[in-house]
Every structure is written in structure tokens, then in C-alpha cells.
Amino acid sequence: MSLTGETPDPAFARVTREVSSGSVAKGDARYKALINSIDEGFCVIEMIFNPQARPVDYLFLEANPAFEVHSGLIDVVGKRIRDLVPNLDEHWFEVYGKVAATGVSIRCENYAAGLKRWYSVYAFRCEGADIRNVAVLFNDITERKRGEERAALLTRLSESLGSVSHEADIARVALASVGTHLNVDRCYFVEHDESVHLLHVSRNWLRGDSRDLEGMYVPADFGGAAWWEKYSGGNLAVADVTTDPLTVDHAKRYLDIDIRSYATRAFRREGYPMVSLGVTETSPREWALEELRLMDDVMARVWPMVERARTERTLRETLELRVAERTAKLQETISELETFSYSISHDLRAPLRAMQGFAGVLEEEHGDRLDSTAREYLRRIVRAGERMDRLIQDVLVYSRVARAETHLERVELGGFLAGILESYPHFGADHARIETVPPLASVLANPAALTQCVSNLVSNGIKFVAAPTRPHIRLWTEAVGRGRVRLYVADNGIGIAPDRKDAIFGIFYQIDRSRGGTGIGLAVVRKAVERMGGNVGVESKVGKGSTFWIELEAAPRT
Ligand code: ADP
């Protein structure tokens, strides 16, 4: 028989019809048989109103046997509800008072906090009897309600877990939702460390000022062999540690850490409990089956996520370690190679100088004995020698930049750039116009490395101009946020095609070899800037000039 269905079944309809119409007289055997036969709790109550006509209490006039089953209250007839359940919620009085006063029946689902139970209720006035009498048919729907709440909690939990991936966040979200839902003092994960025989409370959620439980615990402190057998199985519910035979001898240890009652539920893998979800209370508490079931469901959902997050973290850490090791090894190889190329380049200069020297002597002392073809060959040897010497020198500069200590200091670009432009008189030899645009910022840089960079960029700006244009170089600075400054070097030269903008910073790369050079200048700039913790780039359009920039850390204000 159902109270909540849309169409009440015939027995239910008969009870309500006959009782409400008064057709079954009180004390009548048929009436008794009828109300005793139904599964729902049934009672007739007399409402008691105060002088302001507010319903303040009620007296039980009748109750069927099912009443006891559903309410847990016995021998109620002739007693007042306030005496039986002193803290019954006010809304019950309001509901029944309204039925008594208006005669309009009410069907509702209500929570009785005093009884900690949910009820589905149908209340109607007994016609013909005293106007204040109300008949109540009700069902205990606590299990169903808790099932619905559990499903709602799990849905909410799944939604919140969808947006987290770190182990700590997963644990925080899960523990907080179980803790709040079950209204406990603490909620935690406890992992069994078989090897050292310790209990590890890895994460806990705490209500208000409850004491933190995270840490390691010795199982023997909390119970004997019988307790351990149950506890290590993962599922245990103790309503009161001071009376439960499993814990009574160890009650003090529990009370020391504010535990009067607790429950744990295990997450199992291949039958073995791996970890448990635990809840504790500072006062005695009976743990309902529905509550334990909820903990099981949460564990089944959450723990695999925690495990996945752990595996991912371990994997990430291993990978990071491996990358770091490889990078270190690479760095070592690079620096070995740089040392090697430095010494090779250095050693190459001696035989080269000898070749150049002897070519010079040959031309000077024996030139007149050579015919014009032989002299042309000799000139070519000398020119090739000069080019090789330039190449070697540039490679040596590159190696020096790559290997040198790059101590950074405050460089005020105003004075610094003026100094460079003065000390490179050949910049002006090409009738170039070079101007700096104040105000110029201060940066953290290595003066020697920065001098090399500026001089390479300015030289290129002058060199890569189509005749008869007069080279015009402008230098200025801009703050680019995050405490960084860019030094710009702009020219009115031939420009660079977009697909070459990255390549030109590579060593030996030249777009057009006819202008001399070695293709090392910009590689030196990039290396030097990187060593100063900065970066370098270029904006350009073919035929419209290029603007190179060097980005460095701004010097702190003095
Ligand atoms: P190099 O100047 O010795 O050729 P760089 O490394 O300094 O070597 O430059 C590489 C190449 O980048 C140059 O050969 C040139 O093709 C191009 N480049 C560099 N600076 C400029 C510039 N200001 N304008 C146009 N092209 C440039």
C-alpha cells in the first residue's frame, strides 16, 4: 500500500473514506480490524491550541500496531507528543493544526529531526468526531530519502571532481563532501602500511576546530586482536568506543585524539583492503547502513582517481628527472664541443699565418719573377687566407661568448651606447647616420657581451643597405612588462624575407654571400643575449628596413 502514489490502492482509499466520514464508529470492531490491517502507521490525534489559537501539542487518541514500527514510539495512546518527543520540529504542529482548523487534508513528506527520520504523511480531519481530531496515515521513507540524498551527493561529487586532477584536490573535494553530508567531525583517508605495520592518515577534512588527525599511528594502541581483525578488513563501525567490547580497553587512546565513535570503509583491490575512508565523532553515534553505503560509493569513485593522479605524478617526476639528466649531459657535450672548437680554431691560426706570411714573402721577393697568371693565383691565396682568418676570428668570438662567465650588472644604456658609437669610428666611415632616441632605460647585462651585440647589429644595419641609400640607424628602448626592457636597433636597409627571420640567427647562415661577412655575427648576438637571460628577435619587410631587438631584464630602480 502506498501513500505517495497518484492512485491510492483500494484498502487505503477505504480507510481514508470510512475514517474521515465517520462511517466507522470508534470502538467498532470493523473499524479496529480495518486500521489494524494496514501496513502504514495510523493514529488519531487531538490537537491542543494555545489561547492565541496556535497548535502547541497533540494527544494520541488511537494508534495501530504499524504505528510503533514506523515511529519507534510505543504505548502512545493517552499521551502527549511533547512528552514523548520533546524536540519534535514545529512544522509538524503547523501541518496538523491546519488540517484541524480548515478541514483540508494534507499530503506531504517531512523530516522529523527529533527522530532522525523521514515520513510520508497523509493527514485528514475526522468528520463527525471532535473538530480538532486529525487522522494521520504515515510511512517511514527514511531509507528512500537517504538513497535519493546519496545519489544527489554522488552526482554533485562527480561534477566537482570533473574539474580537479591533483591528488590533494581530489581528496579535499571528496572528504569535504562526505564530511559535510554525514555531518561528522572528521573525515579522512587511512592507508595501511603493511611493511611497517602502521596506519597512515594521509588526508583529513575537519569540521570547525576539530583536531588534525593526519599522521602515523600504531594499530596496537587502538584495540586487540579481535579489533584488528575487523579493522584491517577495512570495514568497522563503532558507536561508542567506551562501551564497544572491541575498543573499550583502549578507549583512552581514542578519547585522547577526540574520537568517541567512528566508522571506516575500505576500498578493495582484488579482495584486499588498500585504504579506508574514515569518519569520527566526539560523541556516540549509531552509523546507519545507508551512511556506510554512501562511504563505500564515494570510495569506489574517488580512490581510483587518487591512484591515477599518483601514477601521473610519479610519471611526471620521473620524466622531469630524465629530462634534467639529459639536459645536463647535453650541456656537458656542448661545452666539450665548444672547448674543442675553440682550441681547433686557435691552433688553425698559426699554420694559416705561416701560409699568409710565406705568400706575402713570395709576392714581395719573387713577384717580379712570376708572370701575371701566377701573381693572380698568389693574390687569390692571400684573399682566401684573409677570409679564413676572419672566419676563425669570428668562431673564436662565438666560442668566447658561449664559454665566458656572464656576470650581470646594471648598464645605463644612455651612456653605454654613446660610448660604443664613439669607440667604433668605422661606423661613421660609411656616412651612416646613427642616432639614439632618449630616454634610454637601464638593464641588467654583461657589458662586454652587450657591446659585442650592439656592435654586430649596428654593423649589419650599415652593411645591408642598398646603394646609394645613406644608412640610417636608430636605437631606442621600451619597457615590455614583467620587468623586461627591449633595446631596438632599426635600419633603413634591404630588409629580410619573413621565412629567413629565424634562420639568420643560425651560425654561418647568410642570405646573400656577396656582401662578405661570415654569417656568425647574429649567432654571436643570440648566444650572448641568451647567456644574459634575454632573447632576441627581428621585425622586417623586404625593402623596408629591419628592426632587431634584444630583450633583457630591467635594472632595479636605484
Ligand atoms: P654576416 O653579417 O657576417 O653575414 P650575420 O650573422 O651578422 O652574418 O648575419 C646573417 C645574415 O643575416 C646576413 O648575411 C644577412 O643576410 C642577414 N642580415 C643580418 N642583418 C641584417 C640587416 N640589418 N638587414 C638585412 N639583412 C641582415
# chains A, B, ... in the order shown; residues from 1 in each chain; ligands from 1

call {"tool": "residues_near_ligand", "arguments": {"ligand": "ligand 1", "cutoff": "7 Å", "atoms": "only C-alpha atoms and all ligand atoms", "output": "PyMOL selection string"}}
result
chain A and resi 456-457+460-461+464+491+493-496+504-505+507-513+516-523+545-546

call {"tool": "residues_around", "arguments": {"residues": "A:Val104", "least_positions_apart": "3", "cutoff": "8 Å", "atoms": "only C-alpha atoms", "output": "mmCIF file with N, CA, C and O atoms, in the first residue's frame"}}
result
data_model
loop_
_atom_site.group_PDB
_atom_site.id
_atom_site.type_symbol
_atom_site.label_atom_id
_atom_site.label_comp_id
_atom_site.auth_asym_id
_atom_site.auth_seq_id
_atom_site.Cartn_x
_atom_site.Cartn_y
_atom_site.Cartn_z
ATOM 1 N N LYS A 98 -3.319 22.975 10.902
ATOM 2 C CA LYS A 98 -4.009 23.488 9.723
ATOM 3 C C LYS A 98 -5.132 22.537 9.300
ATOM 4 O O LYS A 98 -6.250 22.960 8.992
ATOM 5 N N VAL A 99 -4.802 21.232 9.324
ATOM 6 C CA VAL A 99 -5.812 20.234 8.950
ATOM 7 C C VAL A 99 -6.994 20.335 9.911
ATOM 8 O O VAL A 99 -8.148 20.375 9.494
ATOM 9 N N PHE A 124 -5.825 13.960 7.639
ATOM 10 C CA PHE A 124 -7.171 14.456 7.281
ATOM 11 C C PHE A 124 -8.027 14.545 8.544
ATOM 12 O O PHE A 124 -7.742 13.899 9.561
ATOM 13 N N ARG A 125 -9.084 15.390 8.438
ATOM 14 C CA ARG A 125 -9.894 15.587 9.630
ATOM 15 C C ARG A 125 -10.963 14.500 9.748
ATOM 16 O O ARG A 125 -11.525 14.064 8.754
#

call {"tool": "atom_distance", "arguments": {"atom1": "atom CA of A:Val85", "atom2": "atom CA of A:Ser71"}}
result
10.7 Å

call {"tool": "closest_residue", "arguments": {"among": "A:Tyr231, A:Tyr217, A:Phe548, A:Phe222", "to": "A:Lys252", "atoms": "only C-alpha atoms"}}
result
A:Phe222

call {"tool": "residues_around", "arguments": {"residues": "A:Met216", "least_positions_apart": "6", "cutoff": "10 Å", "atoms": "only C-alpha atoms", "output": "list in words"}}
result
Val190, Glu191, His192, Asp193, Leu198, Leu199, His200, Val201 and Ser202 of chain A

call {"tool": "write_last_selection", "arguments": {"atoms": "N, CA, C and O atoms", "output": "compact mmCIF listing (two decimals), in the first residue's frame"}}
result
# COMPACT_ATOMS: atom_id res chain seq x y z
N VAL A 190 42.70 6.62 5.46
CA VAL A 190 43.75 5.96 6.24
C VAL A 190 44.29 4.81 5.40
O VAL A 190 43.55 3.96 4.91
N GLU A 191 45.62 4.83 5.22
CA GLU A 191 46.25 3.81 4.39
C GLU A 191 47.03 2.86 5.30
O GLU A 191 47.67 3.30 6.24
N HIS A 192 46.95 1.57 4.97
CA HIS A 192 47.64 0.57 5.81
C HIS A 192 49.02 0.33 5.23
O HIS A 192 49.13 -0.07 4.08
N ASP A 193 50.02 0.60 6.01
CA ASP A 193 51.36 0.31 5.53
C ASP A 193 51.78 -1.02 6.12
O ASP A 193 52.26 -1.10 7.24
N LEU A 198 51.95 0.18 10.20
CA LEU A 198 51.49 1.46 10.72
C LEU A 198 50.24 1.89 9.97
O LEU A 198 50.01 1.46 8.84
N LEU A 199 49.45 2.72 10.63
CA LEU A 199 48.29 3.31 9.95
C LEU A 199 48.66 4.74 9.59
O LEU A 199 49.15 5.48 10.42
N HIS A 200 48.41 5.07 8.35
CA HIS A 200 48.81 6.39 7.88
C HIS A 200 47.56 7.19 7.49
O HIS A 200 46.92 6.88 6.50
N VAL A 201 47.23 8.18 8.31
CA VAL A 201 46.12 9.07 7.94
C VAL A 201 46.71 10.12 7.01
O VAL A 201 47.45 11.00 7.42
N SER A 202 46.43 9.93 5.71
CA SER A 202 47.13 10.75 4.72
C SER A 202 46.48 12.11 4.52
O SER A 202 47.15 13.11 4.32

call {"tool": "residues_around", "arguments": {"residues": "A:Val458", "least_positions_apart": "5", "cutoff": "10 Å", "atoms": "only C-alpha atoms", "output": "list of chain:residue names"}}
result
A:Leu421, A:Phe427, A:Ile434, A:Cys453, A:Lys463, A:His472, A:Ile473, A:Arg474, A:Leu475, A:Val489, A:Ala490, A:Asp491, A:Phe548

call {"tool": "write_last_selection", "arguments": {"atoms": "N, CA and C atoms", "output": "short mmCIF file (atom, residue, chain, number, x, y, z; two decimals), in the first residue's frame"}}
result
data_model
loop_
_atom_site.label_atom_id
_atom_site.label_comp_id
_atom_site.auth_asym_id
_atom_site.auth_seq_id
_atom_site.Cartn_x
_atom_site.Cartn_y
_atom_site.Cartn_z
N LEU A 421 79.37 53.88 -29.71
CA LEU A 421 79.36 54.56 -31.01
C LEU A 421 80.63 55.40 -31.20
N PHE A 427 82.03 53.10 -37.93
CA PHE A 427 80.58 53.21 -38.14
C PHE A 427 80.26 54.45 -38.98
N ILE A 434 73.76 57.64 -37.30
CA ILE A 434 73.37 56.77 -36.19
C ILE A 434 72.82 57.64 -35.07
N CYS A 453 77.07 42.59 -28.96
CA CYS A 453 75.76 42.51 -29.62
C CYS A 453 75.45 43.80 -30.36
N LYS A 463 75.78 47.70 -43.09
CA LYS A 463 76.25 46.87 -44.21
C LYS A 463 75.13 46.51 -45.19
N HIS A 472 70.86 54.66 -42.15
CA HIS A 472 70.33 55.43 -41.03
C HIS A 472 69.91 54.44 -39.93
N ILE A 473 70.60 54.48 -38.80
CA ILE A 473 70.33 53.53 -37.71
C ILE A 473 69.73 54.30 -36.53
N ARG A 474 68.66 53.74 -35.96
CA ARG A 474 68.07 54.36 -34.76
C ARG A 474 68.07 53.33 -33.64
N LEU A 475 68.45 53.80 -32.45
CA LEU A 475 68.43 52.90 -31.29
C LEU A 475 67.54 53.51 -30.21
N VAL A 489 67.16 48.15 -32.51
CA VAL A 489 68.14 48.68 -33.46
C VAL A 489 67.47 48.62 -34.83
N ALA A 490 67.06 49.79 -35.34
CA ALA A 490 66.31 49.80 -36.61
C ALA A 490 67.18 50.39 -37.72
N ASP A 491 67.06 49.82 -38.92
CA ASP A 491 67.82 50.37 -40.05
C ASP A 491 66.89 50.64 -41.23
N PHE A 548 65.83 45.05 -35.34
CA PHE A 548 66.25 43.97 -34.44
C PHE A 548 65.98 44.41 -33.01
#

call {"tool": "residues_around", "arguments": {"residues": "A:Ala350", "least_positions_apart": "5", "cutoff": "12 Å", "atoms": "only C-alpha atoms", "output": "list in words"}}
result
Ser343, Ile344, Ser345, Met355, Gln356, Gly357, Gly385, Asp389 and Ile392 of chain A

call {"tool": "write_last_selection", "arguments": {"atoms": "N, CA, C and O atoms", "output": "PDB file, in the first residue's frame"}}
result
ATOM      1  N   SER A 343      89.805  25.432 -29.281  1.00  0.00           N
ATOM      2  CA  SER A 343      91.231  25.130 -29.400  1.00  0.00           C
ATOM      3  C   SER A 343      91.613  24.833 -30.853  1.00  0.00           C
ATOM      4  O   SER A 343      92.672  25.235 -31.316  1.00  0.00           O
ATOM      5  N   ILE A 344      90.710  24.152 -31.584  1.00  0.00           N
ATOM      6  CA  ILE A 344      90.989  23.895 -33.001  1.00  0.00           C
ATOM      7  C   ILE A 344      91.167  25.215 -33.744  1.00  0.00           C
ATOM      8  O   ILE A 344      92.152  25.423 -34.451  1.00  0.00           O
ATOM      9  N   SER A 345      90.178  26.123 -33.518  1.00  0.00           N
ATOM     10  CA  SER A 345      90.228  27.410 -34.228  1.00  0.00           C
ATOM     11  C   SER A 345      91.510  28.142 -33.885  1.00  0.00           C
ATOM     12  O   SER A 345      92.169  28.726 -34.746  1.00  0.00           O
ATOM     13  N   MET A 355     101.139  30.416 -43.746  1.00  0.00           N
ATOM     14  CA  MET A 355     100.815  30.402 -45.169  1.00  0.00           C
ATOM     15  C   MET A 355     100.699  31.824 -45.712  1.00  0.00           C
ATOM     16  O   MET A 355     101.231  32.146 -46.771  1.00  0.00           O
ATOM     17  N   GLN A 356      99.982  32.694 -44.899  1.00  0.00           N
ATOM     18  CA  GLN A 356      99.819  34.077 -45.351  1.00  0.00           C
ATOM     19  C   GLN A 356     101.180  34.781 -45.430  1.00  0.00           C
ATOM     20  O   GLN A 356     101.470  35.494 -46.381  1.00  0.00           O
ATOM     21  N   GLY A 357     102.021  34.509 -44.397  1.00  0.00           N
ATOM     22  CA  GLY A 357     103.345  35.127 -44.328  1.00  0.00           C
ATOM     23  C   GLY A 357     104.183  34.754 -45.544  1.00  0.00           C
ATOM     24  O   GLY A 357     104.735  35.620 -46.238  1.00  0.00           O
ATOM     25  N   GLY A 385      93.190  33.381 -47.627  1.00  0.00           N
ATOM     26  CA  GLY A 385      93.795  33.333 -46.292  1.00  0.00           C
ATOM     27  C   GLY A 385      93.154  34.355 -45.372  1.00  0.00           C
ATOM     28  O   GLY A 385      92.859  34.068 -44.209  1.00  0.00           O
ATOM     29  N   ASP A 389      91.012  33.723 -42.024  1.00  0.00           N
ATOM     30  CA  ASP A 389      91.400  34.319 -40.751  1.00  0.00           C
ATOM     31  C   ASP A 389      90.190  34.997 -40.101  1.00  0.00           C
ATOM     32  O   ASP A 389      89.965  34.877 -38.889  1.00  0.00           O
ATOM     33  N   ILE A 392      87.945  32.305 -38.697  1.00  0.00           N
ATOM     34  CA  ILE A 392      88.479  31.746 -37.447  1.00  0.00           C
ATOM     35  C   ILE A 392      88.287  32.727 -36.303  1.00  0.00           C
ATOM     36  O   ILE A 392      87.855  32.358 -35.208  1.00  0.00           O
TER      37      ILE A 392
END

call {"tool": "residues_around", "arguments": {"residues": "A:Glu109", "least_positions_apart": "6", "cutoff": "12 Å", "atoms": "only C-alpha atoms", "output": "mmCIF file with C-alpha atoms, in the first residue's frame"}}
result
data_model
loop_
_atom_site.group_PDB
_atom_site.id
_atom_site.type_symbol
_atom_site.label_atom_id
_atom_site.label_comp_id
_atom_site.auth_asym_id
_atom_site.auth_seq_id
_atom_site.Cartn_x
_atom_site.Cartn_y
_atom_site.Cartn_z
ATOM 1 C CA LEU A 3 0.685 6.824 0.424
ATOM 2 C CA THR A 4 2.671 8.621 -2.132
ATOM 3 C CA HIS A 91 6.312 22.207 11.264
ATOM 4 C CA TRP A 92 4.517 19.041 12.364
ATOM 5 C CA VAL A 95 0.629 20.862 9.429
ATOM 6 C CA ARG A 117 13.645 10.024 10.221
ATOM 7 C CA TRP A 118 11.740 10.993 7.096
ATOM 8 C CA TYR A 119 7.977 10.403 6.808
ATOM 9 C CA SER A 120 5.450 10.422 4.049
ATOM 10 C CA VAL A 121 2.248 11.662 5.666
ATOM 11 C CA TYR A 122 -1.418 11.903 4.791
ATOM 12 C CA ALA A 123 -3.409 13.841 7.400
ATOM 13 C CA LEU A 137 -1.596 7.826 7.946
ATOM 14 C CA PHE A 138 2.168 7.695 7.501
ATOM 15 C CA ASN A 139 5.081 5.722 6.209
ATOM 16 C CA ASP A 140 8.758 5.786 7.180
ATOM 17 C CA ILE A 141 10.572 6.770 3.968
ATOM 18 C CA THR A 142 13.955 7.433 5.551
ATOM 19 C CA ARG A 144 14.335 6.043 0.261
ATOM 20 C CA LYS A 145 15.172 9.653 1.161
#

call {"tool": "residues_around", "arguments": {"residues": "A:Ala66", "least_positions_apart": "2", "cutoff": "10 Å", "atoms": "only C-alpha atoms", "output": "list in words"}}
result
Ile35, Asn36, Ser37, Ile38, Asp39, Glu40, Gly41, Phe42, Cys43, Ala63, Asn64, Glu68, Val69, His70, Ser71, Gly72, Phe138 and Asn139 of chain A

call {"tool": "write_last_selection", "arguments": {"atoms": "C-alpha atoms", "output": "CSV table (one decimal), in the first residue's frame"}}
result
chain,number,residue,atom,x,y,z
A,35,ILE,CA,-6.9,0.1,10.9
A,36,ASN,CA,-5.0,-2.9,12.4
A,37,SER,CA,-4.8,-4.5,8.9
A,38,ILE,CA,-2.9,-1.7,7.2
A,39,ASP,CA,0.9,-1.5,6.8
A,40,GLU,CA,1.0,2.2,7.3
A,41,GLY,CA,1.2,3.8,10.7
A,42,PHE,CA,-2.2,5.2,11.7
A,43,CYS,CA,-3.2,7.4,14.5
A,63,ALA,CA,-2.7,4.1,17.1
A,64,ASN,CA,-2.5,0.9,15.2
A,68,GLU,CA,5.1,1.6,16.6
A,69,VAL,CA,7.0,0.0,13.7
A,70,HIS,CA,7.3,3.3,11.8
A,71,SER,CA,7.7,5.8,14.6
A,72,GLY,CA,9.6,3.8,17.2
A,138,PHE,CA,2.2,7.7,7.5
A,139,ASN,CA,5.1,5.7,6.2

call {"tool": "select_by_dssp", "arguments": {"residues": "stretch 247-284 of chain A", "states": "helix (DSSP H, G or I)", "output": "list in words"}}
result
Val248, Asp249, His250, Ala251, Lys252, Arg253, Tyr254, Leu255 and Asp256 of chain A

call {"tool": "closest_residue", "arguments": {"among": "A:Ile48, A:Met305, A:Ala101, A:Leu315", "to": "A:Gly162", "atoms": "only C-alpha atoms"}}
result
A:Met305

call {"tool": "decode", "arguments": {"residues": "stretch 382-505 of chain A", "atoms": "C-alpha atoms", "output": "PDB file, in the first residue's frame"}}
result
ATOM      1  CA  VAL A 382      96.233  35.796 -49.893  1.00  0.00           C
ATOM      2  CA  ARG A 383      92.491  36.766 -50.129  1.00  0.00           C
ATOM      3  CA  ALA A 384      91.361  33.227 -49.206  1.00  0.00           C
ATOM      4  CA  GLY A 385      93.795  33.333 -46.292  1.00  0.00           C
ATOM      5  CA  GLU A 386      92.315  36.637 -45.112  1.00  0.00           C
ATOM      6  CA  ARG A 387      88.789  35.260 -45.332  1.00  0.00           C
ATOM      7  CA  MET A 388      89.786  32.159 -43.411  1.00  0.00           C
ATOM      8  CA  ASP A 389      91.400  34.319 -40.751  1.00  0.00           C
ATOM      9  CA  ARG A 390      88.181  36.343 -40.385  1.00  0.00           C
ATOM     10  CA  LEU A 391      86.174  33.126 -40.113  1.00  0.00           C
ATOM     11  CA  ILE A 392      88.479  31.746 -37.447  1.00  0.00           C
ATOM     12  CA  GLN A 393      88.385  35.004 -35.517  1.00  0.00           C
ATOM     13  CA  ASP A 394      84.580  35.066 -35.633  1.00  0.00           C
ATOM     14  CA  VAL A 395      84.384  31.447 -34.494  1.00  0.00           C
ATOM     15  CA  LEU A 396      86.702  32.341 -31.622  1.00  0.00           C
ATOM     16  CA  VAL A 397      84.439  35.258 -30.660  1.00  0.00           C
ATOM     17  CA  TYR A 398      81.445  32.932 -30.742  1.00  0.00           C
ATOM     18  CA  SER A 399      83.226  30.337 -28.579  1.00  0.00           C
ATOM     19  CA  ARG A 400      84.331  33.019 -26.147  1.00  0.00           C
ATOM     20  CA  VAL A 401      80.765  34.327 -25.807  1.00  0.00           C
ATOM     21  CA  ALA A 402      79.466  30.797 -25.335  1.00  0.00           C
ATOM     22  CA  ARG A 403      82.029  29.935 -22.669  1.00  0.00           C
ATOM     23  CA  ALA A 404      82.745  33.178 -20.852  1.00  0.00           C
ATOM     24  CA  GLU A 405      81.436  33.991 -17.396  1.00  0.00           C
ATOM     25  CA  THR A 406      78.412  36.217 -17.953  1.00  0.00           C
ATOM     26  CA  HIS A 407      78.272  38.222 -14.799  1.00  0.00           C
ATOM     27  CA  LEU A 408      75.324  40.657 -14.991  1.00  0.00           C
ATOM     28  CA  GLU A 409      75.443  44.236 -13.788  1.00  0.00           C
ATOM     29  CA  ARG A 410      73.470  47.442 -14.110  1.00  0.00           C
ATOM     30  CA  VAL A 411      74.062  49.034 -17.515  1.00  0.00           C
ATOM     31  CA  GLU A 412      72.661  52.511 -18.177  1.00  0.00           C
ATOM     32  CA  LEU A 413      72.084  52.340 -21.887  1.00  0.00           C
ATOM     33  CA  GLY A 414      72.271  56.113 -22.478  1.00  0.00           C
ATOM     34  CA  GLY A 415      75.969  56.462 -21.642  1.00  0.00           C
ATOM     35  CA  PHE A 416      76.761  52.918 -22.669  1.00  0.00           C
ATOM     36  CA  LEU A 417      75.558  53.273 -26.295  1.00  0.00           C
ATOM     37  CA  ALA A 418      77.218  56.656 -26.676  1.00  0.00           C
ATOM     38  CA  GLY A 419      80.493  55.046 -25.583  1.00  0.00           C
ATOM     39  CA  ILE A 420      80.192  52.237 -28.134  1.00  0.00           C
ATOM     40  CA  LEU A 421      79.361  54.559 -31.008  1.00  0.00           C
ATOM     41  CA  GLU A 422      82.361  56.742 -30.163  1.00  0.00           C
ATOM     42  CA  SER A 423      84.785  53.855 -29.911  1.00  0.00           C
ATOM     43  CA  TYR A 424      83.804  52.389 -33.302  1.00  0.00           C
ATOM     44  CA  PRO A 425      84.808  55.208 -35.646  1.00  0.00           C
ATOM     45  CA  HIS A 426      84.345  52.994 -38.710  1.00  0.00           C
ATOM     46  CA  PHE A 427      80.584  53.207 -38.136  1.00  0.00           C
ATOM     47  CA  GLY A 428      80.777  56.783 -39.430  1.00  0.00           C
ATOM     48  CA  ALA A 429      83.107  55.958 -42.320  1.00  0.00           C
ATOM     49  CA  ASP A 430      80.186  54.758 -44.421  1.00  0.00           C
ATOM     50  CA  HIS A 431      78.493  58.160 -43.903  1.00  0.00           C
ATOM     51  CA  ALA A 432      75.998  56.376 -41.777  1.00  0.00           C
ATOM     52  CA  ARG A 433      73.653  58.408 -39.579  1.00  0.00           C
ATOM     53  CA  ILE A 434      73.370  56.769 -36.186  1.00  0.00           C
ATOM     54  CA  GLU A 435      71.047  58.213 -33.563  1.00  0.00           C
ATOM     55  CA  THR A 436      69.884  57.146 -30.137  1.00  0.00           C
ATOM     56  CA  VAL A 437      66.378  58.124 -29.048  1.00  0.00           C
ATOM     57  CA  PRO A 438      66.151  59.103 -25.370  1.00  0.00           C
ATOM     58  CA  PRO A 439      65.064  58.268 -22.755  1.00  0.00           C
ATOM     59  CA  LEU A 440      67.084  55.055 -22.694  1.00  0.00           C
ATOM     60  CA  ALA A 441      66.426  52.527 -19.948  1.00  0.00           C
ATOM     61  CA  SER A 442      68.860  50.685 -17.705  1.00  0.00           C
ATOM     62  CA  VAL A 443      69.217  46.905 -17.979  1.00  0.00           C
ATOM     63  CA  LEU A 444      70.939  44.016 -16.258  1.00  0.00           C
ATOM     64  CA  ALA A 445      73.641  42.902 -18.679  1.00  0.00           C
ATOM     65  CA  ASN A 446      77.236  41.901 -19.140  1.00  0.00           C
ATOM     66  CA  PRO A 447      78.925  45.000 -20.636  1.00  0.00           C
ATOM     67  CA  ALA A 448      81.383  43.051 -22.818  1.00  0.00           C
ATOM     68  CA  ALA A 449      78.682  40.759 -24.219  1.00  0.00           C
ATOM     69  CA  LEU A 450      76.273  43.646 -24.779  1.00  0.00           C
ATOM     70  CA  THR A 451      78.981  45.671 -26.564  1.00  0.00           C
ATOM     71  CA  GLN A 452      79.502  42.723 -28.903  1.00  0.00           C
ATOM     72  CA  CYS A 453      75.759  42.513 -29.615  1.00  0.00           C
ATOM     73  CA  VAL A 454      75.233  46.222 -30.271  1.00  0.00           C
ATOM     74  CA  SER A 455      78.298  46.468 -32.462  1.00  0.00           C
ATOM     75  CA  ASN A 456      77.233  43.436 -34.545  1.00  0.00           C
ATOM     76  CA  LEU A 457      73.687  44.781 -35.005  1.00  0.00           C
ATOM     77  CA  VAL A 458      74.825  48.295 -35.918  1.00  0.00           C
ATOM     78  CA  SER A 459      77.483  46.934 -38.345  1.00  0.00           C
ATOM     79  CA  ASN A 460      74.826  44.825 -40.071  1.00  0.00           C
ATOM     80  CA  GLY A 461      72.459  47.798 -40.224  1.00  0.00           C
ATOM     81  CA  ILE A 462      75.117  49.783 -42.045  1.00  0.00           C
ATOM     82  CA  LYS A 463      76.252  46.872 -44.214  1.00  0.00           C
ATOM     83  CA  PHE A 464      72.892  45.653 -45.525  1.00  0.00           C
ATOM     84  CA  VAL A 465      71.741  48.851 -47.208  1.00  0.00           C
ATOM     85  CA  ALA A 466      71.150  49.088 -50.946  1.00  0.00           C
ATOM     86  CA  ALA A 467      73.328  51.751 -52.583  1.00  0.00           C
ATOM     87  CA  PRO A 468      73.006  54.678 -52.886  1.00  0.00           C
ATOM     88  CA  THR A 469      70.832  54.928 -49.741  1.00  0.00           C
ATOM     89  CA  ARG A 470      72.664  56.507 -46.807  1.00  0.00           C
ATOM     90  CA  PRO A 471      72.477  54.118 -43.857  1.00  0.00           C
ATOM     91  CA  HIS A 472      70.333  55.432 -41.027  1.00  0.00           C
ATOM     92  CA  ILE A 473      70.329  53.528 -37.712  1.00  0.00           C
ATOM     93  CA  ARG A 474      68.072  54.359 -34.762  1.00  0.00           C
ATOM     94  CA  LEU A 475      68.434  52.899 -31.287  1.00  0.00           C
ATOM     95  CA  TRP A 476      65.792  53.207 -28.545  1.00  0.00           C
ATOM     96  CA  THR A 477      64.334  51.249 -25.620  1.00  0.00           C
ATOM     97  CA  GLU A 478      60.865  50.255 -24.469  1.00  0.00           C
ATOM     98  CA  ALA A 479      59.569  48.570 -21.320  1.00  0.00           C
ATOM     99  CA  VAL A 480      57.671  45.413 -22.320  1.00  0.00           C
ATOM    100  CA  GLY A 481      56.196  44.335 -18.963  1.00  0.00           C
ATOM    101  CA  ARG A 482      57.249  41.632 -16.492  1.00  0.00           C
ATOM    102  CA  GLY A 483      60.224  43.854 -15.626  1.00  0.00           C
ATOM    103  CA  ARG A 484      61.805  43.478 -19.076  1.00  0.00           C
ATOM    104  CA  VAL A 485      63.211  46.056 -21.461  1.00  0.00           C
ATOM    105  CA  ARG A 486      63.760  45.859 -25.218  1.00  0.00           C
ATOM    106  CA  LEU A 487      66.615  47.622 -26.956  1.00  0.00           C
ATOM    107  CA  TYR A 488      65.651  48.237 -30.583  1.00  0.00           C
ATOM    108  CA  VAL A 489      68.136  48.682 -33.456  1.00  0.00           C
ATOM    109  CA  ALA A 490      66.310  49.796 -36.615  1.00  0.00           C
ATOM    110  CA  ASP A 491      67.818  50.374 -40.055  1.00  0.00           C
ATOM    111  CA  ASN A 492      66.656  51.540 -43.469  1.00  0.00           C
ATOM    112  CA  GLY A 493      68.277  48.602 -45.244  1.00  0.00           C
ATOM    113  CA  ILE A 494      67.282  45.878 -47.664  1.00  0.00           C
ATOM    114  CA  GLY A 495      65.075  44.053 -45.143  1.00  0.00           C
ATOM    115  CA  ILE A 496      64.687  40.322 -44.521  1.00  0.00           C
ATOM    116  CA  ALA A 497      62.115  37.930 -46.004  1.00  0.00           C
ATOM    117  CA  PRO A 498      59.744  36.501 -43.336  1.00  0.00           C
ATOM    118  CA  ASP A 499      60.893  32.903 -43.933  1.00  0.00           C
ATOM    119  CA  ARG A 500      64.530  33.842 -43.108  1.00  0.00           C
ATOM    120  CA  LYS A 501      63.829  35.658 -39.854  1.00  0.00           C
ATOM    121  CA  ASP A 502      64.784  32.702 -37.675  1.00  0.00           C
ATOM    122  CA  ALA A 503      67.478  31.208 -39.884  1.00  0.00           C
ATOM    123  CA  ILE A 504      69.680  34.317 -39.858  1.00  0.00           C
ATOM    124  CA  PHE A 505      70.443  33.748 -36.179  1.00  0.00           C
TER     125      PHE A 505
END
